[in-house]
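final-v2.csv (CSV, C-alpha atoms) appears below.
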chain,number,residue,atom,x,y,z
A,416,MET,CA,-38.4,4.2,3.7
A,417,THR,CA,-34.6,4.8,3.5
A,418,LYS,CA,-33.3,4.1,0.0
A,419,PRO,CA,-30.2,1.9,-0.4
A,420,GLU,CA,-28.3,4.7,-2.1
A,421,ASP,CA,-29.1,7.0,0.9
A,422,VAL,CA,-27.6,4.4,3.3
A,423,ASN,CA,-24.5,4.0,1.1
A,424,ALA,CA,-24.1,7.8,1.0
A,425,GLN,CA,-24.3,8.0,4.8
A,426,LEU,CA,-21.8,5.2,5.2
A,427,GLN,CA,-19.4,7.0,2.9
A,428,TYR,CA,-19.8,10.1,5.0
A,429,ASP,CA,-19.3,8.4,8.3
A,430,HIS,CA,-16.7,5.8,7.4
A,431,LYS,CA,-13.1,6.3,6.3
A,432,VAL,CA,-10.8,3.6,4.7
A,433,ILE,CA,-7.2,3.8,6.0
A,434,ASP,CA,-5.6,3.3,2.6
A,435,GLY,CA,-1.9,3.8,3.2
A,436,ALA,CA,0.7,1.6,5.1
A,437,ARG,CA,2.1,4.6,6.9
A,438,ALA,CA,-1.3,5.8,8.0
A,439,THR,CA,-2.3,2.4,9.1
A,440,ARG,CA,0.8,2.1,11.3
A,441,ARG,CA,0.2,5.5,12.7
A,442,TYR,CA,-3.4,4.7,13.5
A,443,PHE,CA,-2.6,1.5,15.4
A,444,SER,CA,0.4,3.0,17.1
A,445,LYS,CA,-1.9,5.9,18.3
A,446,PHE,CA,-4.5,3.4,19.8
A,447,GLU,CA,-1.8,1.3,21.4
A,448,ARG,CA,-0.8,4.4,23.5
A,449,ILE,CA,-4.4,5.5,24.1
A,450,ILE,CA,-5.4,2.1,25.5
A,451,SER,CA,-2.4,2.0,27.8
A,452,HIS,CA,-3.5,5.4,29.1
A,453,MET,CA,-7.1,4.1,29.7
A,454,GLY,CA,-5.7,1.7,32.2
A,455,ASP,CA,-4.2,4.6,34.2
A,456,VAL,CA,-7.5,6.4,34.0
A,457,ALA,CA,-9.3,3.3,35.4
A,458,ALA,CA,-6.8,3.3,38.3
A,459,LEU,CA,-7.5,7.1,38.9
A,460,SER,CA,-11.2,6.5,38.7
A,461,TYR,CA,-10.9,4.1,41.6
A,462,LYS,CA,-8.8,6.6,43.6
A,463,GLU,CA,-11.5,9.3,42.9
A,464,LYS,CA,-14.2,6.8,44.0
A,465,LEU,CA,-15.9,6.7,40.6
A,466,LEU,CA,-15.3,3.0,40.5
A,467,SER,CA,-15.0,0.4,43.3
A,468,PRO,CA,-11.8,-1.7,43.5
A,469,LEU,CA,-13.6,-4.7,42.0
A,470,GLU,CA,-15.1,-2.5,39.2
A,471,ALA,CA,-11.7,-1.0,38.4
A,472,ARG,CA,-10.1,-4.5,38.1
A,473,ILE,CA,-12.9,-5.6,35.8
A,474,VAL,CA,-12.6,-2.5,33.6
A,475,LEU,CA,-8.8,-3.2,33.4
A,476,GLN,CA,-9.6,-6.8,32.2
A,477,TYR,CA,-11.8,-5.4,29.4
A,478,LEU,CA,-9.1,-2.9,28.5
A,479,GLN,CA,-6.6,-5.7,28.2
A,480,GLY,CA,-9.1,-7.5,25.9
A,481,LEU,CA,-9.5,-4.3,23.8
A,482,ALA,CA,-5.7,-4.0,23.5
A,483,GLN,CA,-5.6,-7.6,22.2
A,484,THR,CA,-8.3,-6.8,19.7
A,485,PHE,CA,-6.3,-3.9,18.3
A,486,THR,CA,-3.2,-6.0,18.2
A,487,ALA,CA,-5.1,-8.6,16.2
A,488,LEU,CA,-6.5,-6.0,13.8
A,489,SER,CA,-3.0,-4.5,13.3
A,490,TYR,CA,-1.7,-7.9,12.2
A,491,LYS,CA,-4.6,-8.2,9.8
A,492,PHE,CA,-4.3,-4.8,8.2
A,493,LEU,CA,-0.7,-3.5,8.4
A,494,MET,CA,0.3,-5.4,5.3
A,495,ALA,CA,-3.0,-5.2,3.5
A,496,ASN,CA,-2.2,-1.9,1.9
A,497,ARG,CA,0.9,-3.3,0.2
A,498,VAL,CA,-0.7,-6.2,-1.7
A,499,GLY,CA,-2.1,-3.6,-4.2
A,500,ASP,CA,-4.5,-5.8,-6.2
A,501,HIS,CA,-7.6,-5.3,-4.0
A,502,SER,CA,-7.5,-8.9,-2.8
A,503,ALA,CA,-7.0,-7.7,0.7
A,504,ARG,CA,-9.7,-5.6,2.3
A,505,LEU,CA,-8.5,-2.4,4.1
A,506,LEU,CA,-9.5,-1.1,7.5
A,507,SER,CA,-12.6,1.1,7.8
A,508,ILE,CA,-13.0,3.4,10.8
A,509,ASP,CA,-15.9,5.7,11.9
A,510,LYS,CA,-14.5,9.1,11.2
A,511,SER,CA,-17.3,11.3,12.4
A,512,ASP,CA,-18.6,9.9,15.8
A,513,SER,CA,-16.2,7.3,17.1
A,514,GLY,CA,-12.6,7.2,15.7
A,515,PHE,CA,-12.7,3.4,16.3
A,516,PRO,CA,-13.0,0.7,13.6
A,517,VAL,CA,-16.5,0.3,12.4
A,518,TYR,CA,-18.7,-2.5,14.0
A,519,ARG,CA,-18.3,-4.6,10.9
A,520,GLU,CA,-14.6,-5.1,11.5
A,521,ILE,CA,-15.2,-6.4,15.0
A,522,LEU,CA,-17.9,-8.8,13.7
A,523,GLN,CA,-15.6,-10.1,11.0
A,524,MET,CA,-12.8,-10.6,13.5
A,525,ALA,CA,-15.1,-12.8,15.7
A,526,ALA,CA,-16.0,-14.8,12.6
A,527,ASP,CA,-12.3,-15.2,11.7
A,528,ALA,CA,-11.6,-16.4,15.3
A,529,LEU,CA,-14.2,-19.2,14.8
A,530,GLN,CA,-12.3,-20.4,11.7
A,531,ALA,CA,-8.8,-19.6,12.8
A,532,GLU,CA,-7.7,-23.2,13.3
A,533,SER,CA,-8.7,-24.2,9.8
A,534,HIS,CA,-6.8,-21.2,8.4
A,535,LEU,CA,-3.7,-22.2,10.3
A,536,LEU,CA,-3.8,-25.7,8.9
A,537,THR,CA,-3.6,-24.3,5.3
A,538,LEU,CA,-1.1,-21.5,5.9
A,539,PRO,CA,2.7,-22.4,6.0
A,540,SER,CA,4.4,-21.9,9.4
A,541,GLN,CA,6.1,-18.7,10.3
A,542,GLY,CA,9.5,-20.3,9.8
A,543,ARG,CA,8.6,-21.6,6.3
A,544,LEU,CA,7.3,-18.2,5.2
A,545,LYS,CA,10.4,-16.4,6.5
A,546,LYS,CA,12.7,-18.8,4.6
A,547,ASP,CA,10.6,-18.3,1.5
A,548,MET,CA,10.9,-14.5,2.0
A,549,ILE,CA,14.7,-14.7,2.2
A,550,SER,CA,14.8,-16.9,-0.9
A,551,HIS,CA,12.5,-14.4,-2.8
A,552,ILE,CA,14.8,-11.5,-1.9
A,553,LEU,CA,17.9,-13.3,-3.1
A,554,THR,CA,16.5,-14.7,-6.3
A,555,GLU,CA,13.9,-12.1,-7.4
A,556,GLN,CA,15.7,-9.1,-5.8
A,557,SER,CA,12.4,-7.5,-4.9
A,558,HIS,CA,10.2,-7.0,-1.9
A,559,PRO,CA,8.4,-10.3,-1.0
A,560,THR,CA,5.2,-8.4,-0.5
A,561,LYS,CA,2.8,-11.3,-0.9
A,562,LEU,CA,4.8,-13.5,1.4
A,563,GLN,CA,4.9,-10.6,3.9
A,564,TYR,CA,1.1,-10.4,3.7
A,565,ALA,CA,0.8,-14.2,4.1
A,566,LEU,CA,3.0,-14.0,7.2
A,567,SER,CA,0.9,-11.2,8.7
A,568,GLN,CA,-2.3,-13.3,8.2
A,569,ARG,CA,-0.5,-16.3,9.8
A,570,ILE,CA,0.3,-14.2,12.9
A,571,TYR,CA,-3.2,-12.7,12.9
A,572,TYR,CA,-4.9,-16.1,13.1
A,573,GLU,CA,-2.4,-17.4,15.7
A,574,HIS,CA,-3.3,-14.3,17.8
A,575,LEU,CA,-7.0,-15.0,17.5
A,576,THR,CA,-6.5,-18.5,18.9
A,577,SER,CA,-4.5,-17.4,21.9
A,578,ALA,CA,-5.7,-13.9,22.9
A,579,ASN,CA,-8.5,-12.9,25.2
A,580,LEU,CA,-10.3,-10.5,22.8
A,581,PHE,CA,-12.8,-7.7,23.2
A,582,LEU,CA,-15.6,-8.9,20.9
A,583,SER,CA,-18.8,-7.4,19.6
A,584,GLN,CA,-20.6,-9.1,22.6
A,585,ASN,CA,-18.7,-10.0,25.8
A,586,HIS,CA,-21.3,-12.1,27.6
A,587,PRO,CA,-22.3,-11.3,31.2
A,588,GLN,CA,-20.3,-12.9,34.1
A,589,ALA,CA,-21.2,-12.8,37.7
A,590,GLN,CA,-18.6,-12.0,40.4
A,591,TRP,CA,-19.4,-13.1,43.9
A,592,GLU,CA,-19.2,-10.1,46.3
A,593,GLY,CA,-20.5,-11.7,49.6
A,594,LYS,CA,-23.6,-12.3,51.6
A,595,LEU,CA,-25.8,-9.9,53.5
A,596,LYS,CA,-26.4,-11.9,56.7
A,597,LYS,CA,-29.2,-9.7,58.0
A,598,LYS,CA,-31.2,-10.0,54.8
A,599,ALA,CA,-30.0,-13.5,53.8
A,600,LEU,CA,-29.2,-12.1,50.4
A,601,LYS,CA,-26.2,-12.9,48.1
A,602,GLN,CA,-24.4,-10.0,46.4
A,603,TYR,CA,-23.0,-10.3,42.9
A,604,LEU,CA,-21.4,-7.9,40.5
A,605,ILE,CA,-22.6,-8.8,37.0
A,606,HIS,CA,-20.4,-7.4,34.3
A,607,TRP,CA,-20.5,-7.5,30.5
A,608,ALA,CA,-19.4,-5.4,27.5
A,609,VAL,CA,-20.4,-4.7,24.0
A,610,TYR,CA,-18.9,-2.9,20.9
A,611,ASP,CA,-21.9,-0.7,20.4
A,612,SER,CA,-23.2,-1.1,16.9
A,613,LEU,CA,-24.8,2.4,16.8
A,614,THR,CA,-21.8,4.4,18.1
A,615,ASN,CA,-18.9,2.1,17.2
A,616,VAL,CA,-17.6,2.7,20.8
A,617,PRO,CA,-16.6,-0.1,23.3
A,618,THR,CA,-19.0,0.0,26.3
A,619,ILE,CA,-18.7,-1.7,29.6
A,620,TYR,CA,-21.6,-2.5,32.0
A,621,LEU,CA,-21.3,-3.1,35.7
A,622,MET,CA,-24.4,-4.1,37.7
A,623,GLU,CA,-24.4,-4.8,41.5
A,624,VAL,CA,-27.4,-7.0,42.4
A,625,GLU,CA,-28.8,-8.6,45.5
A,626,ASP,CA,-30.1,-12.1,45.0
A,627,SER,CA,-32.7,-13.8,47.1
A,628,GLY,CA,-32.6,-17.0,45.1
A,629,LYS,CA,-31.7,-20.3,46.8
A,630,LYS,CA,-29.2,-21.4,44.2
A,631,ALA,CA,-26.0,-19.5,43.3
A,632,LEU,CA,-26.9,-17.3,40.3
A,633,PRO,CA,-24.1,-18.4,37.9
A,634,LEU,CA,-25.0,-22.1,38.6
A,635,ASP,CA,-28.8,-21.6,38.3
A,636,GLU,CA,-29.8,-23.2,34.9
A,637,ARG,CA,-33.2,-21.7,35.1
A,638,ARG,CA,-32.3,-18.1,35.8
A,639,TRP,CA,-28.7,-17.4,34.6
A,640,PRO,CA,-29.2,-18.1,30.8
A,641,ARG,CA,-32.3,-15.8,30.9
A,642,VAL,CA,-30.3,-13.1,32.8
A,643,GLN,CA,-27.5,-13.2,30.2
A,644,SER,CA,-29.8,-13.0,27.3
A,645,HIS,CA,-31.9,-10.2,28.8
A,646,LEU,CA,-28.8,-8.0,29.6
A,647,LEU,CA,-27.3,-8.5,26.1
A,648,SER,CA,-30.5,-7.5,24.5
A,649,GLN,CA,-30.7,-4.3,26.5
A,650,SER,CA,-27.0,-3.3,25.9
A,651,MET,CA,-27.7,-0.3,23.6
A,652,SER,CA,-26.4,3.2,24.0
A,653,THR,CA,-29.9,4.6,23.1
A,654,LEU,CA,-31.4,3.0,26.2
A,655,GLN,CA,-31.2,4.9,29.5
A,656,LEU,CA,-29.8,3.2,32.5
A,657,LEU,CA,-33.1,3.7,34.3
A,658,THR,CA,-34.9,1.8,31.5
A,659,ILE,CA,-32.4,-1.1,31.7
A,660,ALA,CA,-32.5,-1.4,35.5
A,661,ARG,CA,-36.3,-1.2,35.7
A,662,GLY,CA,-36.7,-3.8,33.0
A,663,PHE,CA,-34.4,-6.2,34.8
A,664,ASP,CA,-36.0,-5.5,38.2
A,665,THR,CA,-39.4,-6.3,36.7
A,666,ASP,CA,-38.4,-9.4,34.8
A,667,PHE,CA,-36.5,-11.1,37.7
A,668,ASP,CA,-38.3,-10.9,41.0
A,669,GLY,CA,-35.5,-12.4,43.1
A,670,LEU,CA,-32.7,-10.2,41.6
A,671,HIS,CA,-32.5,-6.5,42.8
A,672,PRO,CA,-30.2,-4.1,40.8
A,673,LYS,CA,-28.7,-1.7,43.4
A,674,VAL,CA,-26.1,-0.1,41.2
A,675,LEU,CA,-25.8,0.1,37.4
A,676,ARG,CA,-22.8,1.7,35.7
A,677,ARG,CA,-22.0,2.2,32.0
A,678,VAL,CA,-18.5,3.1,30.9
A,679,HIS,CA,-18.1,4.5,27.4
A,680,LEU,CA,-14.6,4.1,26.2
A,681,GLY,CA,-14.7,6.8,23.5
A,682,PRO,CA,-15.2,8.5,21.1
A,683,MET,CA,-11.6,9.1,20.0
A,684,TYR,CA,-10.9,12.3,18.2
A,685,SER,CA,-7.8,12.9,16.1
A,686,HIS,CA,-6.9,15.7,13.7
A,687,ALA,CA,-5.3,13.1,11.4
A,688,PHE,CA,-8.1,10.6,11.3
A,689,THR,CA,-11.5,12.0,12.3
A,690,GLN,CA,-13.8,14.9,11.5
A,691,GLN,CA,-14.6,16.5,14.8
A,692,ARG,CA,-17.0,19.4,15.4
A,693,GLY,CA,-17.1,22.0,18.1
A,694,PRO,CA,-14.2,23.4,20.2
A,695,LEU,CA,-12.1,20.2,19.9
A,696,ARG,CA,-11.7,20.8,16.2
A,697,ASP,CA,-9.6,23.9,16.7
A,698,VAL,CA,-7.8,22.5,19.7
A,699,LEU,CA,-6.6,19.4,17.9
A,700,ALA,CA,-5.8,21.4,14.7
A,701,GLU,CA,-3.5,23.6,16.7
A,702,ALA,CA,-1.9,20.7,18.6
A,703,SER,CA,-1.3,18.7,15.4
A,704,GLY,CA,2.1,20.2,14.9
A,705,GLN,CA,3.7,17.7,17.2
A,706,ALA,CA,3.5,14.0,16.2
A,707,GLY,CA,1.3,11.8,18.3
A,708,LEU,CA,-0.2,14.7,20.3
A,709,ASP,CA,-3.3,15.5,18.1
A,710,TRP,CA,-5.8,13.3,19.8
A,711,THR,CA,-8.2,13.1,22.7
A,712,LEU,CA,-10.5,10.4,24.0
A,713,ALA,CA,-13.8,10.8,25.8
A,714,TRP,CA,-14.3,8.7,28.9
A,715,THR,CA,-17.8,8.8,30.3
A,716,VAL,CA,-19.1,7.0,33.4
A,717,GLU,CA,-22.9,6.9,33.9
A,718,THR,CA,-24.2,5.7,37.3
A,719,LEU,CA,-27.7,4.7,38.5
A,720,LEU,CA,-28.2,4.1,42.2
A,721,SER,CA,-31.2,2.7,44.1
A,722,GLU,CA,-32.3,4.9,47.0
A,723,LYS,CA,-35.1,2.7,48.5
A,724,THR,CA,-37.4,-0.2,47.8
A,725,LYS,CA,-41.2,-0.6,47.6
A,726,ARG,CA,-43.6,-3.5,47.4
A,727,GLU,CA,-45.5,-3.8,44.1
A,728,LYS,CA,-48.5,-6.1,43.4
A,729,THR,CA,-47.7,-8.7,40.7
A,730,GLY,CA,-51.0,-10.6,41.0
A,731,ILE,CA,-54.2,-10.9,43.0
A,732,PHE,CA,-52.4,-12.4,46.0
A,733,SER,CA,-48.8,-11.7,45.3
A,734,SER,CA,-46.3,-8.9,45.4
A,735,ALA,CA,-42.6,-8.3,44.8
A,736,GLN,CA,-39.9,-5.9,45.9
A,737,ARG,CA,-39.1,-3.2,43.4
A,738,GLU,CA,-36.2,-0.7,43.4
A,739,VAL,CA,-36.8,3.0,43.4
A,740,TYR,CA,-33.9,4.8,41.7
A,741,LYS,CA,-32.4,8.2,42.4
A,742,VAL,CA,-32.8,10.2,39.2
A,743,PRO,CA,-32.3,14.0,39.4
A,744,ASP,CA,-33.9,16.3,36.8
A,745,THR,CA,-30.6,18.1,36.1
A,746,PHE,CA,-29.5,16.0,33.0
A,747,GLY,CA,-32.4,16.9,30.7
A,748,GLU,CA,-32.4,14.6,27.7
A,749,ASP,CA,-29.4,12.7,29.1
A,750,GLY,CA,-31.5,11.7,32.1
A,751,GLY,CA,-32.1,8.2,33.4
A,752,ALA,CA,-29.0,8.2,35.6
A,753,THR,CA,-28.1,9.4,39.1
A,754,ASP,CA,-24.7,10.7,38.0
A,755,ILE,CA,-22.9,11.3,34.7
A,756,ARG,CA,-19.2,12.0,34.8
A,757,ARG,CA,-17.7,13.1,31.5
A,758,SER,CA,-14.0,13.2,31.1
A,759,LEU,CA,-11.3,13.6,28.4
A,760,ILE,CA,-8.0,11.8,28.2
A,761,ILE,CA,-5.8,14.3,26.5
A,762,PRO,CA,-2.0,14.8,25.7
A,763,HIS,CA,-0.3,17.7,27.5
A,764,ARG,CA,0.1,19.8,24.3
A,765,ALA,CA,-3.6,19.6,23.4
A,766,TYR,CA,-4.5,20.3,27.0
A,767,GLN,CA,-2.4,23.5,26.9
A,768,VAL,CA,-4.3,24.6,23.8
A,769,LEU,CA,-7.6,23.7,25.4
A,770,LYS,CA,-6.7,25.7,28.5
A,771,GLU,CA,-5.8,28.7,26.4
A,772,LYS,CA,-9.0,28.6,24.4
A,773,ASN,CA,-11.1,27.6,27.5
A,774,PRO,CA,-14.3,26.7,25.7
A,775,PRO,CA,-17.3,27.0,28.1
A,776,THR,CA,-18.9,23.7,26.9
A,777,LEU,CA,-15.9,21.7,28.3
A,778,ALA,CA,-15.4,23.8,31.5
A,779,LYS,CA,-16.9,21.1,33.8
A,780,THR,CA,-15.4,18.1,31.9
A,781,ARG,CA,-12.6,16.4,33.9
A,782,LYS,CA,-9.3,16.3,32.0
A,783,TYR,CA,-6.9,13.4,32.4
A,784,VAL,CA,-3.7,14.9,31.1
A,785,VAL,CA,-0.9,12.7,29.7
A,786,GLY,CA,2.4,14.3,30.5
A,787,ASN,CA,5.7,14.0,28.6
A,788,ASP,CA,6.8,11.3,31.0
A,789,GLY,CA,3.5,9.3,30.3
A,790,LYS,CA,2.1,10.0,33.8
A,791,ILE,CA,-1.5,11.2,34.0
A,792,LEU,CA,-2.7,14.1,36.1
A,793,SER,CA,-6.4,14.8,36.8
A,794,TYR,CA,-7.9,18.3,36.4
A,795,VAL,CA,-11.4,19.6,36.5
Kindly present the structure from the file in structure tokens form.
Amino acid sequence: MTKPEDVNAQLQYDHKVIDGARATRRYFSKFERIISHMGDVAALSYKEKLLSPLEARIVLQYLQGLAQTFTALSYKFLMANRVGDHSARLLSIDKSDSGFPVYREILQMAADALQAESHLLTLPSQGRLKKDMISHILTEQSHPTKLQYALSQRIYYEHLTSANLFLSQNHPQAQWEGKLKKKALKQYLIHWAVYDSLTNVPTIYLMEVEDSGKKALPLDERRWPRVQSHLLSQSMSTLQLLTIARGFDTDFDGLHPKVLRRVHLGPMYSHAFTQQRGPLRDVLAEASGQAGLDWTLAWTVETLLSEKTKREKTGIFSSAQREVYKVPDTFGEDGGATDIRRSLIIPHRAYQVLKEKNPPTLAKTRKYVVGNDGKILSYV
């Protein structure tokens, strides 16, 4: 049995508190740029036929939500370092395996969003706080630190009430794709996303299904709530796509998963904020001489495809259609998928260092290189 002190020691090893105002600004500024580059990579993934047009649009929607989440967290924490009396909690990130804020921060943000309206009722308006800040400067001749913090919290709660956020769980939605006339089946793209609690990495799921049910799936009160609950319970990075798809195929006879994708939006590695291992450590250390160019972000797309169907007995006189998935043996322990595409989004300076060192373990990893002009080029 794991002792509490062992858990605390592991958390101290994995987690890092951003304890300076300048470092906090740098962290959120870095992620603002990175998330904008993710959108360009989603567009390139569509051009390279790694995502369909609809899938690319949905991924962009989740990226916009992720950008809003980071904006909200920046309002919450940018002034927290200046209060100085430990009344404001500081931002914790996963420094070893993710580079993103720890799962607890996303859970707390969701809890804050539920109570945002009540907080706004008790906080003075932005206009009132700004007037008080000017008065404080003129009369006290000092920085209005506590008022600045109060203003940042006001803006934080306002943002929570108005923004479309990427939460710890973003519940499944079904997008109509059309009807297969020959088979009398309806097609949907079911999509959902989670902030994975084990990896602290945002993860998007895209599942194309054929539906033989009589009622439209999103309006079916008997099936749709069960579908949503089932998919969320299976949204763990430790589960292979094959396990998720087979479980769904077995539990819902009228729904047939034809394609299942999982997009991992991370980890993010940075010389300034994370403790990376392997060849990236030396690459980022050498690239760290130029501000803002000491990072790289992993972008991984796993795909599982159905190659045929079979009939399987479900009772003495009944049977059901089951999918047979194409799973090669080439991925070893990372099996359970038809295809796994690993990529890195990387600034041009770090890419130059990476190309010079040419580590064999990253030779087959696609590189999305961010140029000086912000444009992204794709290299293998």
If we draw a sphere of 12 Å around (-0.4, 12.8, 12.2), which residues have at least one atom in it when counting all atoms listed in the file? Please report them as a short mmCIF file (atom, residue, chain, number, x, y, z; two decimals) with C-alpha atoms, in the coordinates of the input.
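Here's the written file point.cif:
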data_model
loop_
_atom_site.label_atom_id
_atom_site.label_comp_id
_atom_site.auth_asym_id
_atom_site.auth_seq_id
_atom_site.Cartn_x
_atom_site.Cartn_y
_atom_site.Cartn_z
CA ARG A 437 2.10 4.60 6.90
CA ALA A 438 -1.30 5.80 8.00
CA THR A 439 -2.30 2.40 9.10
CA ARG A 440 0.80 2.10 11.30
CA ARG A 441 0.20 5.50 12.70
CA TYR A 442 -3.40 4.70 13.50
CA PHE A 443 -2.60 1.50 15.40
CA SER A 444 0.40 3.00 17.10
CA LYS A 445 -1.90 5.90 18.30
CA SER A 685 -7.80 12.90 16.10
CA HIS A 686 -6.90 15.70 13.70
CA ALA A 687 -5.30 13.10 11.40
CA PHE A 688 -8.10 10.60 11.30
CA THR A 689 -11.50 12.00 12.30
CA LEU A 699 -6.60 19.40 17.90
CA ALA A 700 -5.80 21.40 14.70
CA ALA A 702 -1.90 20.70 18.60
CA SER A 703 -1.30 18.70 15.40
CA GLY A 704 2.10 20.20 14.90
CA GLN A 705 3.70 17.70 17.20
CA ALA A 706 3.50 14.00 16.20
CA GLY A 707 1.30 11.80 18.30
CA LEU A 708 -0.20 14.70 20.30
CA ASP A 709 -3.30 15.50 18.10
CA TRP A 710 -5.80 13.30 19.80
#
If I take CA of Gly435 (chain A) and CA of Met548 (chain A), how far is one from the other in Å, to one decimal?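 Pair CA of Gly435 (chain A) / CA of Met548 (chain A) returns 22.4 Å.
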Best match for closeness to Arg781 (chain A) among A:Gln530, A:Val432, A:Glu463, A:Asn585, counting only C-alpha atoms: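 Counting only C-alpha atoms, the residue closest to Arg781 (chain A) is A:Glu463.
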Hey, can you check how far CA of Arg504 (chain A) sits from CA of Ala525 (chain A)?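 CA of Ala525 (chain A) lies at a distance of 16.1 Å from CA of Arg504 (chain A).
Of the listed residues (A:His606, A:His534, A:Lys464, A:Lys598), A:His534 comes nearest to Thr576 (chain A); the distances count all atoms listed in the file.
We find CA of Ile761 (chain A) and CA of Gln476 (chain A) to be spaced 22.2 Å apart.
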Could you give me, as a list in words, the residues that sit within 7 Å of (7.4, -15.8, -1.6) in the file's coordinates, counting all atoms listed in the file?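 Output: Asp547, Met548, His551, Pro559, Lys561 and Leu562 of chain A.
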Using all atoms listed in the file, determine which residues lie at most 9 Å from Val642 (chain A), disregarding the query and same-chain residues fewer than 6 positions distant; provide the list as a ChimeraX atom specification. /A:587,663,667
Which is closest to Arg519 (chain A) among A:Asp744, A:Leu777, A:Val698, A:Asn615, if we use all atoms listed in the file?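 Going through A:Asp744, A:Leu777, A:Val698, A:Asn615 one by one, the smallest distance to Arg519 (chain A) is for A:Asn615.
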Compare A:Val784, A:Ile473, A:Leu459, A:Leu580 by their minimum atom-to-atom distance to Ile760 (chain A), counting only C-alpha atoms, and give me the closest one.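 Among A:Val784, A:Ile473, A:Leu459, A:Leu580, it is A:Val784 that comes nearest to Ile760 (chain A).
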Of the listed residues A:His671, A:Lys782, A:His763, A:His430, that which approaches Ser507 (chain A) most closely, counting all atoms listed in the file: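 Residue with the minimum atom-to-atom distance to Ser507 (chain A): A:His430.
Ranking A:Ser721, A:Gln655, A:Ser627, A:Gln563 by their shortest atom-to-atom distance to Leu595 (chain A), with only C-alpha atoms included, puts A:Ser627 first.
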